[in-house]
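K.L.:
Pasting run28.txt below, which is compact mmCIF, N, CA and C atoms.
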# COMPACT_ATOMS: atom_id res chain seq x y z
N MET F 1 201.72 146.37 29.31
CA MET F 1 201.91 147.44 30.26
C MET F 1 200.59 148.20 30.41
N GLY F 2 200.23 148.58 31.63
CA GLY F 2 198.98 149.29 31.89
C GLY F 2 199.08 150.76 31.55
N LYS F 3 197.99 151.46 31.78
CA LYS F 3 197.96 152.90 31.54
C LYS F 3 198.88 153.60 32.54
N PRO F 4 199.44 154.75 32.16
CA PRO F 4 200.28 155.49 33.10
C PRO F 4 199.51 155.79 34.38
N GLY F 5 200.18 155.62 35.50
CA GLY F 5 199.56 155.91 36.78
C GLY F 5 198.82 154.74 37.40
N LEU F 6 198.53 153.71 36.62
CA LEU F 6 197.86 152.54 37.16
C LEU F 6 198.87 151.44 37.40
N ARG F 7 198.66 150.68 38.45
CA ARG F 7 199.60 149.62 38.80
C ARG F 7 199.01 148.26 38.55
N ARG F 8 199.89 147.29 38.47
CA ARG F 8 199.45 145.90 38.35
C ARG F 8 198.81 145.47 39.67
N ARG F 9 197.94 144.50 39.59
CA ARG F 9 197.27 144.01 40.80
C ARG F 9 198.28 143.50 41.83
N ASP F 10 199.37 142.86 41.37
CA ASP F 10 200.35 142.33 42.32
C ASP F 10 201.16 143.45 42.98
N ASP F 11 200.97 144.68 42.56
CA ASP F 11 201.65 145.83 43.15
C ASP F 11 200.69 146.63 44.04
N LEU F 12 199.50 146.10 44.26
CA LEU F 12 198.47 146.77 45.03
C LEU F 12 198.63 146.46 46.51
N GLU F 13 198.46 147.48 47.34
CA GLU F 13 198.47 147.28 48.78
C GLU F 13 197.51 148.27 49.40
N VAL F 14 196.65 147.78 50.28
CA VAL F 14 195.72 148.62 51.01
C VAL F 14 196.11 148.54 52.47
N SER F 15 196.45 149.68 53.04
CA SER F 15 196.93 149.73 54.42
C SER F 15 195.91 150.46 55.28
N GLY F 16 195.73 150.00 56.48
CA GLY F 16 194.85 150.67 57.43
C GLY F 16 195.55 150.79 58.77
N THR F 17 195.29 151.88 59.45
CA THR F 17 195.87 152.08 60.78
C THR F 17 194.78 152.49 61.76
N ASP F 18 195.04 152.23 63.03
CA ASP F 18 194.14 152.65 64.09
C ASP F 18 194.89 152.62 65.41
N ILE F 19 194.39 153.38 66.37
CA ILE F 19 194.95 153.36 67.72
C ILE F 19 194.26 152.29 68.57
N ASN F 20 193.09 151.85 68.12
CA ASN F 20 192.29 150.89 68.87
C ASN F 20 192.63 149.46 68.43
N GLU F 21 193.25 148.71 69.33
CA GLU F 21 193.67 147.34 69.02
C GLU F 21 192.48 146.44 68.67
N ASN F 22 191.32 146.67 69.30
CA ASN F 22 190.14 145.86 68.98
C ASN F 22 189.68 146.09 67.55
N MET F 23 189.71 147.34 67.10
CA MET F 23 189.34 147.65 65.72
C MET F 23 190.32 147.02 64.73
N LEU F 24 191.60 147.02 65.09
CA LEU F 24 192.60 146.39 64.23
C LEU F 24 192.36 144.89 64.13
N TYR F 25 192.01 144.26 65.24
CA TYR F 25 191.73 142.83 65.26
C TYR F 25 190.56 142.51 64.32
N ILE F 26 189.48 143.29 64.43
CA ILE F 26 188.31 143.08 63.58
C ILE F 26 188.66 143.29 62.12
N ALA F 27 189.43 144.35 61.84
CA ALA F 27 189.83 144.63 60.45
C ALA F 27 190.67 143.49 59.88
N LYS F 28 191.59 142.98 60.68
CA LYS F 28 192.44 141.88 60.21
C LYS F 28 191.63 140.62 59.93
N LYS F 29 190.60 140.41 60.69
CA LYS F 29 189.72 139.24 60.47
C LYS F 29 188.88 139.43 59.20
N GLY F 30 188.67 140.68 58.82
CA GLY F 30 187.90 140.96 57.61
C GLY F 30 186.42 140.74 57.79
N LEU F 31 185.90 140.98 58.99
CA LEU F 31 184.48 140.79 59.28
C LEU F 31 183.79 142.14 59.40
N TYR F 32 182.66 142.28 58.72
CA TYR F 32 181.92 143.54 58.75
C TYR F 32 180.44 143.24 58.87
N SER F 33 179.73 144.11 59.58
CA SER F 33 178.29 143.95 59.71
C SER F 33 177.61 144.60 58.52
N GLY F 34 176.39 144.20 58.28
CA GLY F 34 175.65 144.69 57.13
C GLY F 34 175.52 146.20 57.09
N ARG F 35 175.31 146.85 58.23
CA ARG F 35 175.09 148.30 58.22
C ARG F 35 176.34 149.08 57.82
N THR F 36 177.53 148.57 58.06
CA THR F 36 178.74 149.27 57.67
C THR F 36 179.01 149.16 56.18
N LEU F 37 178.23 148.32 55.52
CA LEU F 37 178.44 148.07 54.09
C LEU F 37 177.31 148.65 53.23
N ASN F 38 176.49 149.50 53.81
CA ASN F 38 175.32 150.04 53.11
C ASN F 38 175.65 150.70 51.78
N ARG F 39 176.80 151.33 51.68
CA ARG F 39 177.14 152.07 50.46
C ARG F 39 178.00 151.27 49.47
N VAL F 40 178.26 150.03 49.78
CA VAL F 40 179.06 149.20 48.88
C VAL F 40 178.15 148.67 47.77
N PRO F 41 178.49 148.93 46.52
CA PRO F 41 177.64 148.44 45.41
C PRO F 41 177.51 146.91 45.43
N LYS F 42 176.36 146.44 45.00
CA LYS F 42 176.07 145.01 45.04
C LYS F 42 177.10 144.19 44.28
N HIS F 43 177.55 144.65 43.11
CA HIS F 43 178.51 143.86 42.33
C HIS F 43 179.84 143.70 43.07
N LEU F 44 180.22 144.69 43.89
CA LEU F 44 181.45 144.56 44.69
C LEU F 44 181.21 143.67 45.91
N MET F 45 180.02 143.78 46.51
CA MET F 45 179.66 142.88 47.61
C MET F 45 179.74 141.42 47.14
N ASP F 46 179.14 141.16 45.99
CA ASP F 46 179.11 139.79 45.46
C ASP F 46 180.51 139.27 45.14
N LYS F 47 181.38 140.16 44.67
CA LYS F 47 182.71 139.74 44.25
C LYS F 47 183.67 139.57 45.43
N TYR F 48 183.62 140.46 46.41
CA TYR F 48 184.66 140.49 47.45
C TYR F 48 184.20 140.16 48.86
N LEU F 49 182.90 140.04 49.08
CA LEU F 49 182.39 139.75 50.42
C LEU F 49 181.49 138.53 50.39
N LYS F 50 181.67 137.68 51.37
CA LYS F 50 180.87 136.47 51.45
C LYS F 50 180.06 136.50 52.74
N PRO F 51 178.77 136.09 52.68
CA PRO F 51 177.97 136.03 53.91
C PRO F 51 178.66 135.15 54.95
N PHE F 52 178.64 135.59 56.19
CA PHE F 52 179.33 134.87 57.26
C PHE F 52 178.32 134.37 58.27
N HIS F 53 177.96 135.17 59.23
CA HIS F 53 176.89 134.83 60.17
C HIS F 53 175.80 135.86 59.99
N SER F 54 174.76 135.80 60.78
CA SER F 54 173.62 136.69 60.59
C SER F 54 174.05 138.14 60.39
N ASN F 55 173.72 138.67 59.24
CA ASN F 55 173.98 140.06 58.85
C ASN F 55 175.46 140.45 58.93
N ARG F 56 176.34 139.49 58.80
CA ARG F 56 177.78 139.78 58.76
C ARG F 56 178.36 139.22 57.48
N PHE F 57 179.48 139.85 57.08
CA PHE F 57 180.16 139.44 55.86
C PHE F 57 181.65 139.33 56.12
N LYS F 58 182.27 138.44 55.37
CA LYS F 58 183.71 138.23 55.49
C LYS F 58 184.37 138.61 54.16
N VAL F 59 185.46 139.38 54.25
CA VAL F 59 186.20 139.79 53.07
C VAL F 59 186.85 138.56 52.45
N SER F 60 186.83 138.49 51.14
CA SER F 60 187.41 137.33 50.44
C SER F 60 188.92 137.27 50.68
N GLU F 61 189.44 136.07 50.63
CA GLU F 61 190.89 135.88 50.80
C GLU F 61 191.66 136.60 49.69
N GLU F 62 191.08 136.67 48.50
CA GLU F 62 191.72 137.37 47.38
C GLU F 62 191.99 138.84 47.74
N LEU F 63 191.02 139.48 48.36
CA LEU F 63 191.17 140.88 48.74
C LEU F 63 192.04 141.03 49.99
N LYS F 64 191.91 140.12 50.94
CA LYS F 64 192.69 140.21 52.18
C LYS F 64 194.19 140.13 51.94
N LYS F 65 194.61 139.42 50.90
CA LYS F 65 196.05 139.28 50.68
C LYS F 65 196.70 140.59 50.26
N TYR F 66 195.91 141.58 49.87
CA TYR F 66 196.44 142.89 49.50
C TYR F 66 196.32 143.91 50.63
N SER F 67 195.83 143.49 51.78
CA SER F 67 195.54 144.41 52.88
C SER F 67 196.41 144.12 54.10
N PHE F 68 196.81 145.18 54.79
CA PHE F 68 197.42 144.99 56.09
C PHE F 68 197.01 146.13 57.01
N PHE F 69 197.02 145.84 58.30
CA PHE F 69 196.57 146.79 59.30
C PHE F 69 197.62 146.91 60.38
N LYS F 70 197.80 148.13 60.87
CA LYS F 70 198.87 148.40 61.81
C LYS F 70 198.43 149.43 62.84
N TYR F 71 198.94 149.27 64.06
CA TYR F 71 198.70 150.23 65.12
C TYR F 71 199.43 151.54 64.81
N LEU F 72 198.73 152.66 65.01
CA LEU F 72 199.37 153.96 64.84
C LEU F 72 198.68 154.96 65.76
N ASN F 73 199.46 155.59 66.62
CA ASN F 73 198.97 156.66 67.48
C ASN F 73 199.42 157.97 66.85
N LEU F 74 198.51 158.66 66.21
CA LEU F 74 198.85 159.89 65.51
C LEU F 74 199.29 161.01 66.43
N ALA F 75 198.93 160.92 67.70
CA ALA F 75 199.33 161.97 68.65
C ALA F 75 200.83 161.91 68.95
N GLU F 76 201.43 160.77 68.71
CA GLU F 76 202.87 160.61 68.91
C GLU F 76 203.58 160.76 67.58
N PRO F 77 204.78 161.35 67.58
CA PRO F 77 205.51 161.44 66.31
C PRO F 77 205.71 160.04 65.71
N PHE F 78 205.53 159.94 64.41
CA PHE F 78 205.73 158.65 63.75
C PHE F 78 206.62 158.86 62.54
N LYS F 79 207.31 157.80 62.19
CA LYS F 79 208.23 157.86 61.06
C LYS F 79 207.44 157.67 59.77
N PRO F 80 207.68 158.54 58.80
CA PRO F 80 206.96 158.41 57.53
C PRO F 80 207.25 157.11 56.79
N ASN F 81 208.24 156.35 57.21
CA ASN F 81 208.58 155.13 56.49
C ASN F 81 207.83 153.90 57.00
N PHE F 82 206.81 154.09 57.84
CA PHE F 82 206.07 152.91 58.29
C PHE F 82 205.22 152.33 57.17
N MET F 83 205.06 153.09 56.09
CA MET F 83 204.31 152.65 54.92
C MET F 83 205.14 153.01 53.69
N VAL F 84 205.20 152.14 52.73
CA VAL F 84 206.02 152.39 51.55
C VAL F 84 205.30 153.33 50.59
N LYS F 85 205.79 154.50 50.41
CA LYS F 85 205.35 155.53 49.45
C LYS F 85 203.98 155.27 48.81
N PRO F 86 202.91 155.52 49.54
CA PRO F 86 201.58 155.29 48.96
C PRO F 86 201.26 156.33 47.89
N ASP F 87 200.40 155.94 46.96
CA ASP F 87 199.90 156.85 45.93
C ASP F 87 198.76 157.71 46.47
N VAL F 88 198.00 157.14 47.41
CA VAL F 88 196.82 157.83 47.95
C VAL F 88 196.72 157.55 49.44
N ILE F 89 196.39 158.58 50.21
CA ILE F 89 196.05 158.42 51.63
C ILE F 89 194.66 159.03 51.82
N PHE F 90 193.74 158.24 52.36
CA PHE F 90 192.42 158.73 52.74
C PHE F 90 192.43 158.91 54.25
N PHE F 91 192.11 160.09 54.69
CA PHE F 91 192.28 160.44 56.10
C PHE F 91 191.09 161.28 56.52
N ARG F 92 190.23 160.73 57.38
CA ARG F 92 188.98 161.41 57.73
C ARG F 92 188.69 161.35 59.21
N ASN F 93 187.94 162.34 59.65
CA ASN F 93 187.29 162.34 60.96
C ASN F 93 188.22 162.12 62.15
N VAL F 94 189.47 162.48 62.04
CA VAL F 94 190.39 162.26 63.15
C VAL F 94 191.02 163.56 63.62
N LEU F 95 191.33 164.45 62.72
CA LEU F 95 192.07 165.66 63.08
C LEU F 95 191.31 166.57 64.05
N ILE F 96 190.02 166.43 64.14
CA ILE F 96 189.24 167.25 65.06
C ILE F 96 189.64 167.02 66.52
N TYR F 97 190.33 165.93 66.79
CA TYR F 97 190.72 165.60 68.16
C TYR F 97 192.08 166.17 68.55
N PHE F 98 192.79 166.79 67.62
CA PHE F 98 194.16 167.22 67.87
C PHE F 98 194.30 168.74 67.85
N THR F 99 195.34 169.21 68.51
CA THR F 99 195.67 170.63 68.48
C THR F 99 196.16 171.00 67.08
N ASP F 100 196.21 172.28 66.78
CA ASP F 100 196.70 172.73 65.48
C ASP F 100 198.14 172.28 65.26
N GLU F 101 198.94 172.30 66.31
CA GLU F 101 200.35 171.90 66.19
C GLU F 101 200.48 170.43 65.80
N ILE F 102 199.73 169.57 66.47
CA ILE F 102 199.78 168.13 66.16
C ILE F 102 199.20 167.88 64.77
N THR F 103 198.12 168.56 64.43
CA THR F 103 197.52 168.42 63.11
C THR F 103 198.52 168.76 62.02
N LYS F 104 199.24 169.84 62.19
CA LYS F 104 200.23 170.25 61.19
C LYS F 104 201.32 169.18 61.05
N ARG F 105 201.78 168.63 62.18
CA ARG F 105 202.82 167.59 62.14
C ARG F 105 202.31 166.34 61.41
N ILE F 106 201.07 165.96 61.69
CA ILE F 106 200.49 164.78 61.05
C ILE F 106 200.40 164.97 59.54
N ILE F 107 199.88 166.09 59.11
CA ILE F 107 199.72 166.36 57.68
C ILE F 107 201.08 166.42 57.00
N GLU F 108 202.05 167.06 57.64
CA GLU F 108 203.40 167.11 57.06
C GLU F 108 204.01 165.72 56.95
N SER F 109 203.79 164.88 57.95
CA SER F 109 204.30 163.50 57.89
C SER F 109 203.65 162.73 56.76
N PHE F 110 202.34 162.84 56.63
CA PHE F 110 201.65 162.16 55.53
C PHE F 110 202.13 162.67 54.18
N HIS F 111 202.28 163.98 54.08
CA HIS F 111 202.74 164.56 52.81
C HIS F 111 204.11 164.02 52.43
N SER F 112 205.00 163.89 53.40
CA SER F 112 206.35 163.39 53.10
C SER F 112 206.36 161.90 52.76
N MET F 113 205.31 161.18 53.16
CA MET F 113 205.21 159.75 52.87
C MET F 113 204.77 159.49 51.44
N LEU F 114 203.97 160.38 50.88
CA LEU F 114 203.34 160.13 49.59
C LEU F 114 204.33 159.99 48.45
N ASN F 115 203.96 159.16 47.50
CA ASN F 115 204.67 159.08 46.24
C ASN F 115 204.61 160.45 45.58
N GLU F 116 205.60 160.77 44.74
CA GLU F 116 205.51 162.00 43.97
C GLU F 116 204.21 161.94 43.17
N ASN F 117 203.49 163.02 43.12
CA ASN F 117 202.18 163.11 42.47
C ASN F 117 201.10 162.32 43.20
N GLY F 118 201.36 161.97 44.48
CA GLY F 118 200.36 161.26 45.27
C GLY F 118 199.28 162.21 45.77
N PHE F 119 198.23 161.64 46.35
CA PHE F 119 197.10 162.41 46.81
C PHE F 119 196.83 162.15 48.29
N LEU F 120 196.50 163.21 49.02
CA LEU F 120 196.07 163.12 50.42
C LEU F 120 194.64 163.65 50.47
N PHE F 121 193.69 162.76 50.74
CA PHE F 121 192.29 163.15 50.84
C PHE F 121 191.92 163.27 52.31
N THR F 122 191.32 164.40 52.67
CA THR F 122 190.87 164.61 54.04
C THR F 122 189.40 165.01 54.02
N LYS F 123 188.81 165.03 55.18
CA LYS F 123 187.44 165.50 55.29
C LYS F 123 187.42 167.00 55.01
N ASP F 124 186.33 167.49 54.44
CA ASP F 124 186.22 168.89 54.07
C ASP F 124 186.52 169.83 55.23
N ASN F 125 187.29 170.86 54.95
CA ASN F 125 187.49 172.00 55.85
C ASN F 125 188.05 171.66 57.23
N ILE F 126 188.86 170.65 57.35
CA ILE F 126 189.40 170.36 58.68
C ILE F 126 190.85 170.79 58.81
N ILE F 127 191.49 171.13 57.71
CA ILE F 127 192.89 171.56 57.77
C ILE F 127 192.93 173.07 57.58
N ASN F 128 193.55 173.74 58.52
CA ASN F 128 193.62 175.19 58.43
C ASN F 128 195.03 175.63 58.77
N PHE F 129 195.86 175.85 57.73
CA PHE F 129 197.24 176.28 57.94
C PHE F 129 197.37 177.75 57.64
Any chance you could put this one into structure tokens?
P.N.:
Amino acid sequence: MGKPGLRRRDDLEVSGTDINENMLYIAKKGLYSGRTLNRVPKHLMDKYLKPFHSNRFKVSEELKKYSFFKYLNLAEPFKPNFMVKPDVIFFRNVLIYFTDEITKRIIESFHSMLNENGFLFTKDNIINF
């Protein structure tokens, strides 16, 4: 049995959402250009990314099997059950486009989705309730 709070690898899931279908297509393919990977440590690049075409990399099949991507328009009400009780949600650079009312609804929806003791990470100083 692992340490409390840590899960087995077969219980791992990385979910991504976007309103842009083209971005979802690229994410599902697992293709990234070199400049988007500037901050990825070399040991992780070597383990999970393989050179593809000039200055592009492809995510390993091992990592892709734990990932899924889905369309989500945050401006429209969404059901918190579109994702199974995540432990962590990373949410950045999007709320600046919404009214305070929509922002509050989005944050409340994410909060209700989280596992008990889960974490919601946002960009600094963008939530003002």
K.L.:
Between F:Arg105, F:Lys70, F:Lys85, F:Arg92, which has the minimum distance to Asn20 in chain F (counting only C-alpha atoms)?
P.N.:
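Under the stated criterion, the closest residue is F:Lys70.
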K.L.:
Mind listing whatever residues come within 12 Å of the point (185.0, 142.6, 63.5)? Use only C-alpha atoms, file coordinates, and give them as an NGL selection string.
P.N.:
:F and (21-34 or 36 or 52-53 or 56-59)
K.L.:
If you run DSSP on this backbone, which residues of range 18-122 of chain F come out as strand (DSSP E), and could you give them as a list in words?
P.N.:
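These are the residues in question: Asp18, Leu31, Tyr32, Ser33, Leu49, Lys50, Pro51, Arg56, Phe57, Lys58, Val59, Ser67, Phe68, Phe69, Lys70, Tyr71, Val88, Ile89, Phe90, Phe91, Phe119, Leu120, Phe121 and Thr122 of chain F.
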K.L.:
Using backbone DSSP assignments, extract all alpha helix (DSSP H) residues from range 1-110 of chain F; output them as an NGL selection string.
P.N.:
:F and (21-29 or 42-48 or 61-64 or 100-110)
K.L.:
How many Å lie between CA of Asp18 in chain F and CA of Glu61 in chain F, rounded to one decimal?
P.N.:
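About the pair CA of Asp18 in chain F and CA of Glu61 in chain F: they are 21.6 Å apart.
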K.L.:
In terms of the shortest atom-to-atom distance over all atoms listed in the file, which of F:Glu76, F:Lys42, F:Tyr66, F:Ser54 is closest to Glu13 in chain F?
P.N.:
F:Tyr66
K.L.:
CA of Leu44 in chain F and atom C of Lys65 in chain F are how many Å apart?
P.N.:
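These two atoms are separated by 16.7 Å.
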K.L.:
Between atom C of Met113 in chain F and atom N of Val88 in chain F, what distance in Å does the model show, to one decimal?
P.N.:
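For atom C of Met113 in chain F relative to atom N of Val88 in chain F, the distance reads 8.2 Å.
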K.L.:
Near Val14 in chain F, counting only N, CA and C atoms, which residues have an atom at most 7 Å away, once you skip same-chain residues fewer than 4 positions from it, shown as a ChimeraX atom specification?
P.N.:
/F:66-69
K.L.:
Counting only N, CA and C atoms, which of F:Leu120, F:Ala75, F:Leu95, F:Met83 gets nearest to Ser15 in chain F?
P.N.:
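For Ser15 in chain F, the nearest of the candidates is F:Met83.
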K.L.:
Distance cut-off 7 Å, centre (204.0, 161.7, 60.3) in file coordinates, counting only N, CA and C atoms: which residues qualify? Return them as a list in words.
P.N.:
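Residues close enough to count: Pro77, Phe78, Lys79, Pro80, Arg105, Ile106, Ile107, Glu108, Ser109, Phe110 and His111 of chain F.
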K.L.:
If we count only N, CA and C atoms and set the cut-off at 8 Å, which residues sit around Glu116 in chain F, ignoring sequence neighbours fewer than 2 positions away in its own chain? Please answer as a list in words.
P.N.:
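Answer for this query is Lys85, Pro86, Asp87, Met113, Leu114, Gly118 and Phe119 of chain F.
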K.L.:
Check the smallest atom-to-atom distance from each of F:Phe121, F:Thr17, F:Arg35, F:Leu12 to Leu72 in chain F using only N, CA and C atoms, then report the winner.
P.N.:
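Smallest distance to Leu72 in chain F is found for F:Thr17.
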K.L.:
When distances are computed from only C-alpha atoms, which of F:Asp46, F:Ile19, F:Pro51, F:Thr122 shows the smallest separation from Phe90 in chain F?
P.N.:
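Checking each candidate against Phe90 in chain F, we get F:Thr122 as the closest.
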